[in-house]
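> My structure is stored as protein-v3.cif, with mmCIF, C-alpha atoms.
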data_protein
loop_
_atom_site.label_atom_id
_atom_site.label_comp_id
_atom_site.auth_asym_id
_atom_site.auth_seq_id
_atom_site.Cartn_x
_atom_site.Cartn_y
_atom_site.Cartn_z
CA MET A 224 100.63 49.84 -89.47
CA THR A 225 102.88 47.86 -87.21
CA ASP A 226 104.72 48.56 -84.00
CA GLN A 227 107.82 46.72 -85.15
CA PRO A 228 110.46 48.79 -86.96
CA GLN A 229 110.32 48.11 -90.68
CA VAL A 230 113.12 47.23 -93.04
CA GLY A 231 114.22 50.12 -95.24
CA VAL A 232 114.71 49.78 -99.00
CA VAL A 233 117.48 51.73 -100.77
CA LEU A 234 117.49 52.08 -104.56
CA VAL A 235 120.93 52.70 -106.06
CA SER A 236 121.02 53.72 -109.71
CA HIS A 237 123.44 55.51 -112.03
CA SER A 238 120.67 58.03 -112.57
CA ARG A 239 118.95 60.18 -109.98
CA ASP A 240 115.79 60.15 -112.12
CA VAL A 241 115.73 56.37 -112.32
CA ALA A 242 116.29 55.88 -108.58
CA GLU A 243 113.64 58.44 -107.62
CA SER A 244 111.12 57.18 -110.16
CA VAL A 245 111.52 53.56 -109.10
CA ALA A 246 111.18 54.57 -105.45
CA ARG A 247 107.95 56.38 -106.31
CA LEU A 248 106.70 53.52 -108.47
CA ALA A 249 107.31 50.97 -105.72
CA THR A 250 105.69 53.19 -103.11
CA GLU A 251 102.59 53.70 -105.24
CA LEU A 252 102.34 50.04 -106.27
CA ALA A 253 102.79 48.60 -102.79
CA ALA A 254 99.56 46.78 -102.07
CA GLY A 255 97.66 48.33 -99.22
CA GLY A 256 100.01 51.30 -99.24
CA ALA A 257 103.72 51.33 -98.52
CA THR A 258 104.60 52.05 -94.93
CA ALA A 259 108.27 51.05 -95.15
CA PRO A 260 110.68 53.66 -96.47
CA ALA A 261 112.01 53.51 -100.05
CA VAL A 262 114.92 55.91 -100.39
CA ALA A 263 116.63 56.78 -103.68
CA ALA A 264 120.40 57.07 -104.11
CA GLY A 265 120.86 57.89 -107.76
CA GLY A 266 123.63 59.51 -109.75
CA THR A 267 126.43 61.70 -108.45
CA PRO A 268 125.97 64.52 -105.91
CA ASP A 269 126.05 67.11 -108.73
CA GLY A 270 123.19 65.33 -110.51
CA GLY A 271 125.31 63.58 -113.15
CA LEU A 272 125.30 59.91 -114.11
CA GLY A 273 127.37 57.67 -111.88
CA THR A 274 127.53 56.25 -108.40
CA SER A 275 128.15 58.11 -105.17
CA ALA A 276 129.23 56.23 -102.05
CA GLU A 277 128.19 59.26 -100.02
CA LEU A 278 124.66 59.35 -101.41
CA ILE A 279 124.30 55.61 -100.82
CA ALA A 280 125.47 55.87 -97.21
CA HIS A 281 123.20 58.86 -96.63
CA ALA A 282 120.17 57.08 -98.14
CA ALA A 283 120.87 53.96 -96.08
CA ARG A 284 120.94 56.00 -92.88
CA ARG A 285 117.65 57.64 -93.82
CA ALA A 286 116.05 54.26 -94.61
CA ASP A 287 117.27 52.63 -91.40
CA ARG A 288 114.54 52.23 -88.79
CA GLY A 289 116.49 49.72 -86.76
CA ALA A 290 115.38 46.57 -88.61
CA GLY A 291 118.04 46.57 -91.31
CA VAL A 292 118.28 47.96 -94.82
CA VAL A 293 118.00 46.12 -98.14
CA LEU A 294 119.76 47.75 -101.08
CA LEU A 295 119.01 47.19 -104.77
CA ALA A 296 121.45 48.38 -107.43
CA ASP A 297 121.19 48.69 -111.19
CA LEU A 298 124.51 48.33 -113.05
CA GLY A 299 128.30 48.11 -112.85
CA SER A 300 129.61 50.73 -110.47
CA ALA A 301 126.33 50.90 -108.51
CA VAL A 302 126.66 47.20 -107.70
CA LEU A 303 130.43 47.38 -107.10
CA THR A 304 130.15 50.42 -104.84
CA VAL A 305 127.47 48.83 -102.65
CA ARG A 306 129.49 45.61 -102.44
CA THR A 307 132.60 47.60 -101.51
CA LEU A 308 130.76 49.54 -98.81
CA LEU A 309 129.38 46.29 -97.39
CA ALA A 310 132.76 44.54 -97.49
CA GLU A 311 135.05 47.29 -96.32
CA GLY A 312 133.42 50.16 -94.64
CA ASP A 313 131.38 51.08 -91.65
CA GLU A 314 129.36 53.65 -93.58
CA LEU A 315 126.26 51.45 -93.91
CA PRO A 316 123.98 50.69 -90.96
CA PRO A 317 124.27 47.29 -89.26
CA GLY A 318 122.16 44.68 -90.99
CA ALA A 319 122.46 46.29 -94.42
CA ARG A 320 122.46 43.83 -97.32
CA LEU A 321 122.49 43.91 -101.11
CA ALA A 322 119.69 41.99 -102.84
CA ASP A 323 120.62 40.07 -105.99
CA ALA A 324 117.49 41.24 -107.75
CA PRO A 325 116.11 42.95 -110.86
CA PHE A 326 115.94 46.66 -110.09
CA VAL A 327 112.33 47.63 -110.80
CA GLU A 328 110.52 44.38 -110.05
CA GLY A 329 112.75 43.72 -107.07
CA ALA A 330 112.05 47.18 -105.66
CA VAL A 331 108.29 46.61 -105.75
CA ALA A 332 108.57 43.15 -104.18
CA ALA A 333 110.95 44.41 -101.51
CA LEU A 334 108.81 47.35 -100.52
CA VAL A 335 105.58 45.34 -100.36
CA THR A 336 107.30 42.75 -98.19
CA ALA A 337 108.98 45.35 -95.97
CA SER A 338 105.66 47.16 -95.52
CA ALA A 339 104.11 43.87 -94.37
CA GLY A 340 106.61 43.83 -91.52
CA ALA A 341 108.97 41.11 -92.79
CA ASP A 342 112.59 40.98 -91.67
CA ALA A 343 115.54 41.91 -93.85
CA ALA A 344 116.21 38.34 -95.01
CA ALA A 345 112.60 37.95 -96.15
CA VAL A 346 112.62 41.35 -97.87
CA ALA A 347 115.82 40.47 -99.77
CA ALA A 348 114.41 37.03 -100.65
CA ALA A 349 111.22 38.60 -102.02
CA ALA A 350 113.27 40.94 -104.20
CA GLU A 351 115.43 38.07 -105.44
CA GLU A 352 112.36 35.98 -106.22
CA ALA A 353 111.39 38.61 -108.78
CA TYR A 354 113.97 37.01 -111.08
CA THR A 355 111.75 33.93 -111.38
CA TYR A 356 108.85 35.80 -112.93
CA ARG A 357 109.03 34.91 -116.65
CA LYS A 358 107.80 37.40 -119.19
CA THR A 359 107.52 35.11 -122.20
CA MET B 127 160.41 39.87 -90.56
CA ASP B 128 161.55 40.45 -94.09
CA GLU B 129 164.61 38.59 -95.20
CA HIS B 130 164.41 40.05 -98.68
CA ARG B 131 164.91 43.57 -97.49
CA ASP B 132 168.62 43.64 -98.12
CA ALA B 133 168.65 41.27 -101.06
CA ARG B 134 169.72 42.67 -104.38
CA GLY B 135 167.45 42.00 -107.31
CA PRO B 136 168.68 40.65 -110.61
CA GLU B 137 168.91 44.22 -111.89
CA ASP B 138 171.33 44.92 -109.09
CA ALA B 139 169.15 47.70 -107.72
CA PRO B 140 169.60 48.00 -103.99
CA GLU B 141 166.26 47.46 -102.36
CA VAL B 142 165.37 50.25 -100.01
CA PRO B 143 162.59 49.89 -97.48
CA LEU B 144 159.56 51.91 -98.51
CA ASP B 145 158.01 54.25 -95.96
CA ALA B 146 154.84 56.35 -95.77
CA ALA B 147 156.53 59.27 -97.55
CA PHE B 148 157.44 56.95 -100.44
CA PHE B 149 153.81 55.93 -100.89
CA ARG B 150 152.70 59.57 -100.78
CA ARG B 151 155.26 60.37 -103.49
CA TRP B 152 153.98 57.42 -105.51
CA LEU B 153 150.39 58.65 -105.33
CA THR B 154 151.49 62.14 -106.36
CA ALA B 155 153.40 60.66 -109.31
CA ALA B 156 150.42 58.48 -110.22
CA ALA B 157 148.12 61.50 -110.19
CA ALA B 158 150.53 63.40 -112.46
CA THR B 159 150.78 60.47 -114.89
CA VAL B 160 147.02 60.02 -115.03
CA GLU B 161 146.64 63.78 -115.55
CA GLU B 162 148.98 63.56 -118.56
CA GLU B 163 147.30 60.45 -119.91
CA ALA B 164 143.68 61.32 -119.06
CA ASP B 165 142.76 62.03 -122.67
CA ARG B 166 144.24 58.72 -123.82
CA LEU B 167 142.35 56.82 -121.09
CA THR B 168 139.12 58.52 -122.06
CA GLU B 169 139.76 57.78 -125.73
CA LEU B 170 140.29 54.07 -124.97
CA ASP B 171 137.15 54.12 -122.82
CA SER B 172 135.09 55.79 -125.51
CA ALA B 173 135.84 52.84 -127.81
CA ILE B 174 134.48 50.15 -125.48
CA GLY B 175 133.08 51.95 -122.41
CA ASP B 176 131.39 55.19 -121.49
CA ALA B 177 134.28 57.60 -122.03
CA ASP B 178 134.72 58.64 -118.42
CA HIS B 179 137.75 56.64 -117.26
CA GLY B 180 140.25 59.46 -117.71
CA ALA B 181 138.10 62.03 -115.95
CA ASN B 182 137.15 59.59 -113.18
CA MET B 183 140.74 58.57 -112.46
CA ARG B 184 141.90 62.17 -112.54
CA ARG B 185 139.20 63.27 -110.11
CA GLY B 186 139.91 60.31 -107.82
CA LEU B 187 143.68 60.67 -107.70
CA THR B 188 143.53 64.44 -107.26
CA ALA B 189 141.34 63.87 -104.20
CA VAL B 190 143.72 61.13 -103.00
CA VAL B 191 146.75 63.44 -103.19
CA SER B 192 144.94 66.15 -101.22
CA ALA B 193 143.77 63.65 -98.61
CA VAL B 194 147.15 61.99 -97.98
CA GLU B 195 149.04 65.30 -98.00
CA GLU B 196 146.58 66.79 -95.54
CA GLU B 197 146.33 63.85 -93.16
CA ARG B 198 149.87 62.48 -93.59
CA PRO B 199 149.07 58.97 -92.35
CA PRO B 200 152.11 57.60 -90.49
CA THR B 201 152.53 54.19 -92.14
CA PRO B 202 152.46 52.82 -95.71
CA GLY B 203 149.38 50.78 -94.80
CA ALA B 204 147.52 53.82 -93.49
CA VAL B 205 148.43 55.85 -96.59
CA LEU B 206 147.00 53.15 -98.86
CA VAL B 207 143.86 52.65 -96.76
CA LEU B 208 143.12 56.38 -96.86
CA ALA B 209 143.83 56.50 -100.59
CA GLY B 210 141.48 53.57 -101.20
CA ARG B 211 138.70 55.07 -99.12
CA THR B 212 139.05 58.36 -100.97
CA LEU B 213 138.81 56.63 -104.36
CA VAL B 214 135.63 54.79 -103.36
CA SER B 215 134.01 58.05 -102.31
CA THR B 216 135.14 60.32 -105.16
CA VAL B 217 135.44 58.42 -108.45
CA GLY B 218 131.78 57.76 -109.32
CA GLY B 219 132.53 54.93 -111.79
CA ALA B 220 133.48 51.28 -111.43
CA SER B 221 137.17 52.20 -111.13
CA GLY B 222 136.37 53.79 -107.73
CA PRO B 223 135.33 50.63 -105.89
CA LEU B 224 137.84 48.52 -107.86
CA TYR B 225 140.96 50.64 -107.27
CA GLY B 226 139.60 51.61 -103.86
CA THR B 227 139.40 47.94 -102.88
CA LEU B 228 142.86 47.29 -104.33
CA LEU B 229 144.52 50.02 -102.26
CA ARG B 230 142.47 49.49 -99.12
CA ARG B 231 143.04 45.74 -98.98
CA THR B 232 146.73 46.16 -99.82
CA GLY B 233 147.02 48.77 -97.07
CA LYS B 234 145.25 46.58 -94.54
CA ALA B 235 147.54 43.68 -95.41
CA LEU B 236 150.57 45.90 -94.70
CA ASP B 237 149.19 46.41 -91.20
CA ASP B 238 151.08 49.09 -89.26
CA ALA B 239 154.62 48.36 -90.42
CA PRO B 240 156.50 51.69 -90.57
CA GLU B 241 158.51 50.51 -93.60
CA VAL B 242 157.97 47.66 -96.03
CA GLY B 243 160.30 45.75 -98.33
CA LEU B 244 159.47 44.50 -101.79
CA ALA B 245 158.53 40.99 -100.65
CA ARG B 246 156.09 42.29 -98.10
CA LEU B 247 154.59 44.75 -100.59
CA ALA B 248 154.20 41.94 -103.12
CA GLY B 249 152.35 39.79 -100.59
CA ALA B 250 150.02 42.64 -99.64
CA LEU B 251 149.38 43.54 -103.27
CA ARG B 252 148.47 39.93 -103.93
CA THR B 253 145.79 40.24 -101.23
CA GLY B 254 144.54 43.47 -102.82
CA VAL B 255 144.46 42.05 -106.35
CA ASP B 256 142.62 38.94 -105.14
CA ALA B 257 140.00 41.21 -103.56
CA VAL B 258 139.59 43.09 -106.86
CA GLY B 259 139.03 39.78 -108.67
CA GLN B 260 136.46 38.77 -106.10
CA LEU B 261 134.64 42.11 -106.19
CA GLY B 262 134.32 42.22 -109.96
CA GLY B 263 134.10 38.46 -110.50
CA ALA B 264 136.80 38.69 -113.17
CA THR B 265 139.78 36.46 -113.87
CA ALA B 266 142.83 36.67 -116.15
CA GLY B 267 141.90 37.05 -119.81
CA ASP B 268 138.57 38.83 -119.23
CA LYS B 269 140.04 42.10 -120.60
CA THR B 270 140.11 43.98 -117.31
CA MET B 271 142.62 45.70 -115.03
CA LEU B 272 143.55 42.22 -113.75
CA ASP B 273 145.29 41.58 -117.06
CA ALA B 274 147.85 44.24 -116.12
CA LEU B 275 147.86 43.65 -112.35
CA LEU B 276 148.40 39.88 -112.39
CA PRO B 277 151.48 39.91 -114.69
CA ALA B 278 152.89 42.80 -112.62
CA LEU B 279 152.50 40.77 -109.44
CA ASP B 280 154.18 37.78 -111.03
CA ALA B 281 157.15 39.93 -112.04
CA LEU B 282 157.42 41.78 -108.75
CA ASP B 283 160.10 39.53 -107.28
CA GLU B 284 162.39 40.81 -110.04
CA GLY B 285 161.83 44.38 -108.89
CA LEU B 286 159.47 47.29 -109.53
CA ASP B 287 160.87 48.06 -112.99
CA ALA B 288 160.15 44.51 -114.11
CA ALA B 289 156.66 44.74 -112.62
CA ALA B 290 155.99 47.99 -114.48
CA ARG B 291 157.16 46.45 -117.77
CA ALA B 292 154.96 43.39 -117.17
CA ALA B 293 151.94 45.61 -116.46
CA GLU B 294 152.55 47.59 -119.63
CA LYS B 295 152.84 44.41 -121.67
CA GLY B 296 149.75 42.99 -119.95
CA ALA B 297 147.76 46.08 -120.89
CA GLY B 298 148.89 45.74 -124.50
CA ASP B 299 147.93 42.08 -124.45
CA THR B 300 144.29 43.03 -123.79
CA VAL B 301 143.92 44.34 -127.36
CA PRO B 302 142.95 41.00 -128.97
CA MET B 303 140.87 39.91 -125.96
CA ARG B 304 137.11 39.84 -125.91
CA ALA B 305 135.67 41.64 -122.88
CA ARG B 306 133.79 39.41 -120.47
CA LYS B 307 133.16 41.88 -117.63
CA GLY B 308 131.76 45.36 -117.33
CA ARG B 309 130.04 47.46 -119.94
CA ALA B 310 132.53 46.44 -122.65
CA SER B 311 131.22 42.87 -122.40
CA TYR B 312 127.94 44.03 -123.98
CA LEU B 313 129.94 44.71 -127.14
CA GLY B 314 130.93 41.06 -127.53
CA GLU B 315 133.15 40.62 -130.60
CA ARG B 316 133.30 44.38 -131.12
CA SER B 317 135.37 44.76 -127.95
CA ILE B 318 138.21 42.93 -129.75
CA GLY B 319 140.93 45.20 -131.12
CA HIS B 320 140.80 47.82 -128.37
CA GLN B 321 143.12 48.11 -125.39
CA ASP B 322 141.33 47.92 -122.05
CA PRO B 323 141.26 51.29 -120.27
CA GLY B 324 141.42 49.75 -116.78
CA ALA B 325 144.45 47.62 -117.67
CA THR B 326 146.01 50.76 -119.13
CA SER B 327 145.50 52.82 -115.96
CA SER B 328 146.84 49.92 -113.88
CA ALA B 329 149.99 49.94 -116.01
CA LEU B 330 150.30 53.71 -115.45
CA LEU B 331 150.11 53.20 -111.68
CA PHE B 332 152.88 50.59 -111.78
CA ALA B 333 154.99 52.82 -114.04
CA ALA B 334 154.62 55.61 -111.48
CA LEU B 335 155.58 53.18 -108.69
CA ALA B 336 158.77 52.14 -110.47
CA ARG B 337 159.65 55.73 -111.31
CA THR B 338 159.13 56.82 -107.73
CA ALA B 339 161.44 54.06 -106.49
CA ARG B 340 164.13 55.01 -109.03
CA ALA B 341 163.90 58.66 -108.03
CA GLY B 342 164.06 57.69 -104.35
CA ALA B 343 167.11 55.49 -104.94
CA ALA B 344 168.85 58.28 -106.86
CA ASP B 345 168.11 60.79 -104.10
CA GLY B 346 168.99 58.33 -101.40
CA GLU B 347 165.53 58.76 -99.92
CA GLY B 348 164.05 56.05 -97.76
CA GLY B 349 167.50 54.91 -96.67
CA THR B 350 170.61 53.94 -98.58
CA PRO B 351 172.38 50.61 -98.30
#
Here is a file; write its structure as structure tokens.


Amino acid sequence: MTDQPQVGVVLVSHSRDVAESVARLATELAAGGATAPAVAAGGTPDGGLGTSAELIAHAARRADRGAGVVLLADLGSAVLTVRTLLAEGDELPPGARLADAPFVEGAVAALVTASAGADAAAVAAAAEEAYTYRKT
Amino acid sequence: MDEHRDARGPEDAPEVPLDAAFFRRWLTAAAATVEEEADRLTELDSAIGDADHGANMRRGLTAVVSAVEEERPPTPGAVLVLAGRTLVSTVGGASGPLYGTLLRRTGKALDDAPEVGLARLAGALRTGVDAVGQLGGATAGDKTMLDALLPALDALDEGLDAAARAAEKGAGDTVPMRARKGRASYLGERSIGHQDPGATSSALLFAALARTARAGAADGEGGTP
């Protein structure tokens, strides 16, 4: 769609099923078709519930096309592990950032925006804006 | 660099400088303590959490002991940094990034000093505990590991035994608290009456630290006055 490298979206959940399903949902809902990568990092390497720093780092590398990576996380240790990797380590690609966003709605907004060729700041902002959508 | 090194604490325990081998022994002792207490940690966590704290801490510290024994980092700081990194990558629950940040930041603050005295360790631990507070957004009284770590830090200038006692008391003091962070906070009032598992494991780590220092002093390891 575009010659510019696109921002990658990484979905970090306690559950492999949740991460993979949300990645698929966002990909299928992305208007005009998602061209940016949405990569799931869910659960522990053995398929259990939990958070794996290794899976997150691996997913971020897969999602990285050179324009940065925006991560969304669901709960507790998923959020804390991403924040720790961002603060301490060199395991995440340069330009990686955590979006303060609702997981499902934020994932859709992020992937649509990334597929439109926006930069990482705009992708994260789109995900964070999903909080403002009121349901009642 | 450390004028407290040769000072005697109020308990008249000679303060010995702590080297990389001391911190390896501490981590081994901590792993053994957590192994013994894993069921209790899991029981506390099943009351207000998701019943995995014992198993998570056991898995993390077992991996830590293997890593530091295999790599044998040369300085206390390097031992703690490796231990912290290993916890982040092996635990799988919130205690991984929290304890991982604690050890890694403490280790970084120790820089590459070959031996550290109590005052220097206390300063570095303060940096590590502050980082934990920042990561989790918790403060004293939120019914978290900070409620054991902060009293231990405050008591540390009286020695490691005093710090361990303060951590133990701090963990006990979480019983009447209402959880304001983590999964337990969803329970609201129902979190009252249970001891916090994270504060409990923090107290175990300080107990292991004090025990390791006593054993080292008795054996004359790490230098005698």

> Kindly indicate which residue among A:Ala286, A:Gly299, A:Ala259, A:Gly271 lies nearest to chain B, using only C-alpha atoms for the distances.

A:Gly299

> I need the chain B residues near chain A as a list of chain:residue names; criterion: at most 7 Å, counting only C-alpha atoms.

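Selected residues: B:Val214, B:Ser215, B:Gly218, B:Gly219, B:Ala220, B:Pro223, B:Thr227, B:Leu261, B:Gly308.
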
> Would you compute the distance between atom CA of B:Pro302 and atom CA of B:Asp268? Give it in Å to one decimal.

10.9 Å

> Go through the shown structure with the PyMOL selection byres ((chain A and resi 343) around 8) and write out the matching residues as a PyMOL selection string.

chain A and resi 230+290-293+318+320+337+341-342+344-347

> Just to confirm, what's the straight-line distance from atom CA of B:Ala158 to atom CA of B:Asp178 in Å (one decimal)?

17.6 Å

> Go through A:Ala322, A:Ser338, A:Thr250, A:Ala333 and flag the residue nearest A:Ala296, using only C-alpha atoms for the distances.

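For A:Ala296, the nearest of the candidates is A:Ala322.
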
> Counting all atoms listed in the file, find the residues whose atoms lie at most 12 Å from (161.8, 56.4, -106.8) (file coordinates) and write them out as a ChimeraX atom specification.

/B:139-145,147-155,286-287,332-349

> Hey, can you check how far atom CA of B:Gly175 sits from atom CA of B:Arg306?

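Separation of atom CA of B:Gly175 and atom CA of B:Arg306: 12.7 Å.
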
> Could you check the closest approach to A:Ile279 for each of A:Ala261, A:Ala350, A:Val235, A:Ala246 and tell me which residue wins, using all atoms listed in the file?

A:Val235

> For this file, the PyMOL selection byres ((chain B and resi 279) around 9) selects which residues, as a VMD selection string?

chain B and resid 248 to 249 251 to 252 255 274 to 278 280 to 283 289 292 to 293

> Keeping only C-alpha atoms, write the selected residues as a PDB file, in the coordinates of the input.


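Okay, this is what ended up in part_11.pdb:
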ATOM      1  CA  ALA B 248     154.200  41.940-103.120  1.00  0.00           C
ATOM      2  CA  GLY B 249     152.350  39.790-100.590  1.00  0.00           C
ATOM      3  CA  LEU B 251     149.380  43.540-103.270  1.00  0.00           C
ATOM      4  CA  ARG B 252     148.470  39.930-103.930  1.00  0.00           C
ATOM      5  CA  VAL B 255     144.460  42.050-106.350  1.00  0.00           C
ATOM      6  CA  ALA B 274     147.850  44.240-116.120  1.00  0.00           C
ATOM      7  CA  LEU B 275     147.860  43.650-112.350  1.00  0.00           C
ATOM      8  CA  LEU B 276     148.400  39.880-112.390  1.00  0.00           C
ATOM      9  CA  PRO B 277     151.480  39.910-114.690  1.00  0.00           C
ATOM     10  CA  ALA B 278     152.890  42.800-112.620  1.00  0.00           C
ATOM     11  CA  ASP B 280     154.180  37.780-111.030  1.00  0.00           C
ATOM     12  CA  ALA B 281     157.150  39.930-112.040  1.00  0.00           C
ATOM     13  CA  LEU B 282     157.420  41.780-108.750  1.00  0.00           C
ATOM     14  CA  ASP B 283     160.100  39.530-107.280  1.00  0.00           C
ATOM     15  CA  ALA B 289     156.660  44.740-112.620  1.00  0.00           C
ATOM     16  CA  ALA B 292     154.960  43.390-117.170  1.00  0.00           C
ATOM     17  CA  ALA B 293     151.940  45.610-116.460  1.00  0.00           C
TER      18      ALA B 293
END

> Kindly provide, as a count of residues only, the polymer residues lying within 9 Å of (105.0, 41.0, -105.5), counting all atoms listed in the file and using the coordinates exactly as they appear in the file.

14

> Specify as JSON, numbers by chain each residue included when the PyMOL selection byres ((chain B and resi 182) around 12) is applied to this file.

{"A": [267, 272, 273, 274, 300], "B": [157, 160, 161, 164, 165, 167, 168, 171, 176, 177, 178, 179, 180, 181, 183, 184, 185, 186, 187, 188, 189, 213, 214, 215, 216, 217, 218, 219, 220, 221, 222, 223, 225, 323, 324, 327]}

> Taking only C-alpha atoms into account, name the residue in A:Ala330, A:Glu314, A:Ala257, A:Thr359 that is nearest to A:Val232.

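That would be A:Ala330, the residue with the smallest distance to A:Val232.
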